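Have a look at the structure below before the remarks.
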Amino acid sequence: MAPRCWRWWHWWSAWPRTRPPPAGSTPGSCQRFSTQEQTPQICVVGSGPAGFYTAQHLLKHHSRAHVDIYEKQLVPFGLVRFGVAPDHPEVKNVINTFTQTAHSDRCAFHGNVAVGRDVTVPELREAYHAVVLSYGAEDHRALEIPGEELPGVFSARAFVGWYNGLPENRELAPDLSCDTAVILGQGNVALDVARILLTPLEHLEKTDITEASLRVLRQSRVKMVWIVGRRGPLQAAFTIKELREMIQLPGTRPILDPADFLGLQDRIQEAPRPRRRLTELLLRTASEKPVREEAAGQALASRAWGLRFFRSPQQVLPSPDGRRVAGIRLAVTRLEGTGEAACAVPTGDTEDLPCGLVLSSVGYKSRPIDPSVPFDPKLGVIPNVEGRVADVPGLYCSGWVKRGPSGVIGTTMTDSFLTSQTLLQDLKAGLLPSGPRPGYSAIEALLSSRGVRPISFSDWEKLDAEEVSRGQGAGKPREKLLDPREMLRLLGR
């Protein structure tokens, strides 16, 4: 894979900060949207964190606004349900806040509606005063190396969707009969995947991980997981919380090469505090002998994980019969530049790492949703200024499709609040349509004519109750429903 140095080109600086009034008008002649006279009809596309936080802010800061949330899945909550690791239940508590938002009499959830297929963005723009695209990043970045198509190579996104019950990934069936797995990428998703592969089953059996994935994990023979990154320890993208969980994972021992950390002690003193703390923990793990209790536990550990720095995937190696993955060829790299901006360039040396499973965790990416919506395929985002979609009045975006797939749920909350604030400013300034809009009543008629039957939030709560009931017998918080046809059958469809 060619060395890449990601440089975020600030294309948004070319767009004006505010929209001028229509030609021929004066600042006082623009027809203002009256809060007292009309109800702003707003729709949000996507019911993950970005969608719900956008809706929450709009409802809180405009006393008459009505918000409809459209979701292509039958169930809400996006990556909180399908992305957050099952052993991180505390992160999923935001669902309680989202449920409160959905219960507002000025908010409605419409699941089983794929915008771009069942209804177009121009049709939504005709029905609403404003449309916010918050549909996230539902694709993964390809490795673009030979052998990527071999059986035994999966995207981490699909693997996460598989163990978290995303319907489209329920048939994944990864073969875990090998002893070594390689994860390409060193972000939090990579560590989540490694942790799930190595966590003792008794710790997972009381989570909301799917029973189907538990059956496969019970048969797993994976004993070693390598987590590979193109750059060095100072550029690792995971956070200290996830690293600490890996270090403390029962029944495992970490493998780090002290040579990767030579000279870092002095260089981290000027680093930002989060980076300094993370690197100090890596240094201690790599160089210090564990205390007696830790040493005893590691000596008995049957599984291990390791970080391989300065390695870039070059080719997935096939088995002798060519029918599955047998290893991966890595180009040895060195850094040009310093800190977060450093780029990995190949030295010319390579090494082959035997493995039977390769999981690519080099990033998520968004897809274009509708031909009418501008999209930057290189950056994988909708071009925007503070959430305003470039050159499309009344259209906004929030979350990963706005800024790229980075940050945590708190980052998305702040980002979504800012988009909502921008929309409300435009509403107040009279930059949105001032006449009444039909909102969902118009879209409902379109969907009905196309044979689409949306799922309401009360429908979801029936499915939720069924999942919780099924999980109780096994001592789990829920047993997720995986088959959309079964979900519809349970709802009498």
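Residues are named by chain letter and number: chains run A, B, ... in the order of the structure tokens, numbers start at 1 in each chain, and ligands are numbered from 1 in the order shown.
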
So that I can check the surroundings of Pro250 of chain A, please list as a CSV table (one decimal) with all heavy atoms, in the first residue's frame every protein, DNA and RNA residue that reaches within 9 Å of it, counting only C-alpha atoms and ignoring chain neighbours fewer than 2 positions away.
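Final file, around-v3.csv:
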chain,number,residue,atom,x,y,z
A,198,LEU,N,-10.1,-12.0,22.6
A,198,LEU,CA,-9.3,-12.6,23.7
A,198,LEU,C,-10.0,-12.6,25.1
A,198,LEU,O,-9.4,-13.3,26.0
A,198,LEU,CB,-8.0,-11.8,23.8
A,198,LEU,CG,-7.0,-11.8,22.6
A,198,LEU,CD1,-5.8,-10.9,22.8
A,198,LEU,CD2,-6.5,-13.2,22.4
A,199,THR,N,-11.1,-12.0,25.2
A,199,THR,CA,-11.7,-11.9,26.5
A,199,THR,C,-12.3,-13.3,26.9
A,199,THR,O,-12.9,-14.0,26.1
A,199,THR,CB,-12.9,-10.9,26.5
A,199,THR,OG1,-12.3,-9.6,26.3
A,199,THR,CG2,-13.7,-10.9,27.8
A,200,PRO,N,-12.1,-13.7,28.2
A,200,PRO,CA,-12.7,-15.0,28.6
A,200,PRO,C,-14.2,-15.0,28.4
A,200,PRO,O,-14.8,-14.0,28.7
A,200,PRO,CB,-12.3,-15.1,30.1
A,200,PRO,CG,-11.1,-14.2,30.2
A,200,PRO,CD,-11.2,-13.1,29.2
A,246,MET,N,-6.8,-3.4,27.7
A,246,MET,CA,-6.0,-4.5,27.1
A,246,MET,C,-5.0,-5.0,28.1
A,246,MET,O,-4.8,-6.2,28.2
A,246,MET,CB,-5.4,-4.1,25.8
A,246,MET,CG,-6.4,-3.9,24.7
A,246,MET,SD,-7.3,-5.4,24.2
A,246,MET,CE,-5.9,-6.4,23.7
A,247,ILE,N,-4.3,-4.1,28.7
A,247,ILE,CA,-3.2,-4.5,29.6
A,247,ILE,C,-3.7,-5.3,30.8
A,247,ILE,O,-3.0,-6.3,31.2
A,247,ILE,CB,-2.4,-3.2,30.1
A,247,ILE,CG1,-1.7,-2.6,28.9
A,247,ILE,CG2,-1.4,-3.6,31.2
A,247,ILE,CD1,-1.1,-1.2,29.2
A,248,GLN,N,-4.9,-5.0,31.2
A,248,GLN,CA,-5.5,-5.7,32.4
A,248,GLN,C,-6.4,-6.8,32.0
A,248,GLN,O,-7.0,-7.4,32.9
A,248,GLN,CB,-6.3,-4.7,33.2
A,248,GLN,CG,-5.4,-3.5,33.8
A,248,GLN,CD,-6.2,-2.4,34.4
A,248,GLN,OE1,-7.5,-2.4,34.4
A,248,GLN,NE2,-5.6,-1.5,35.1
A,252,THR,N,-4.3,-12.9,29.7
A,252,THR,CA,-3.5,-12.5,28.5
A,252,THR,C,-2.3,-11.8,29.0
A,252,THR,O,-2.2,-11.3,30.2
A,252,THR,CB,-4.3,-11.6,27.6
A,252,THR,OG1,-4.5,-10.3,28.2
A,252,THR,CG2,-5.6,-12.1,27.2
A,253,ARG,N,-1.3,-11.7,28.1
A,253,ARG,CA,-0.1,-10.9,28.4
A,253,ARG,C,0.2,-10.1,27.2
A,253,ARG,O,0.0,-10.5,26.1
A,253,ARG,CB,1.1,-11.8,28.7
A,253,ARG,CG,1.4,-12.8,27.7
A,253,ARG,CD,2.5,-13.8,28.1
A,253,ARG,NE,2.7,-14.8,27.1
A,253,ARG,CZ,3.6,-14.7,26.1
A,253,ARG,NH1,4.3,-13.6,26.0
A,253,ARG,NH2,3.8,-15.6,25.2
A,297,GLY,N,0.3,-13.9,37.0
A,297,GLY,CA,-0.8,-14.0,36.1
A,297,GLY,C,-0.4,-14.2,34.6
A,297,GLY,O,-0.9,-15.0,33.9
A,298,GLN,N,0.6,-13.4,34.2
A,298,GLN,CA,1.1,-13.4,32.9
A,298,GLN,C,1.8,-14.7,32.5
A,298,GLN,O,1.7,-15.2,31.4
A,298,GLN,CB,2.0,-12.2,32.6
A,298,GLN,CG,1.3,-10.9,32.6
A,298,GLN,CD,2.2,-9.7,32.2
A,298,GLN,OE1,3.3,-9.9,31.8
A,298,GLN,NE2,1.6,-8.5,32.4
A,301,ALA,N,-0.8,-17.0,31.6
A,301,ALA,CA,-1.7,-16.6,30.5
A,301,ALA,C,-1.6,-17.5,29.3
A,301,ALA,O,-0.5,-17.9,28.9
A,301,ALA,CB,-1.3,-15.2,30.1

What's around segment 172-180 of chain A at 12 Å? Count only C-alpha atoms, leave out sequence neighbours fewer than 2 positions away in its own chain, and write the answer as an NGL selection string. :A and (151-170 or 182-183 or 194 or 197-198 or 212-227 or 302-306 or 324-328 or 353-359)

Can you tell me, as a list in words, what residues are no more than 8 Å from Gly380 of chain A when counting only C-alpha atoms, ignoring any on the same chain fewer than 3 positions away?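 Within the cut-off, the hits are Lys365, Ser366, Arg367, Phe375, Asp376, Pro377, Val401 and Gly404 of chain A.
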
Which distance in Å separates atom CA of Leu423 of chain A and atom CA of Gln41 of chain A, to one decimal? 12.1 Å

Quick one: pick out all strand (DSSP E or B) residues within segment 217-426 of chain A from a backbone DSSP run and write them as an MDAnalysis selection string. chainID A and resid 224:228 252:255 303:308 311:318 325:336 343:354 357:360 364:365 376 381 384:385 388:389 395:397

Please provide the set of residues having any atom within 12 Å of Gln315 of chain A, restricted to only C-alpha atoms, with same-chain residues fewer than 5 positions apart removed, written as a PyMOL selection string. chain A and resi 1-2+143-150+153+184+325-331+350-353+358

Can you list, as a VMD selection string, every protein, DNA or RNA residue that comes within 9 Å of segment 132-135 of chain A when you count only C-alpha atoms, leaving out same-chain residues fewer than 6 positions away? chain A and resid 42 to 52 54 71 78 366 369 387 394 to 402 416 419 to 420 423

Residues near Glu123 of chain A, cut-off 10 Å, only C-alpha atoms, skip fewer than 5 positions along chain, as a list in words: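 With the cut-off at 10 Å, the set is Val115, Gly116, Tyr128, Ala442, Ile443 and Leu446 of chain A.
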
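Remark: for Gly439 of chain A, the closest of the candidate residues A:Lys72, A:Leu124, A:Arg489, A:Leu427 is A:Leu124 (distances computed over only C-alpha atoms).
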
Taking the chain letters and numbering used in this document, name the residues of segment 213-370 of chain A that DSSP puts in alpha helix (DSSP H), as a ChimeraX atom specification. /A:213-218,240-247,264-267,273-287,292-300
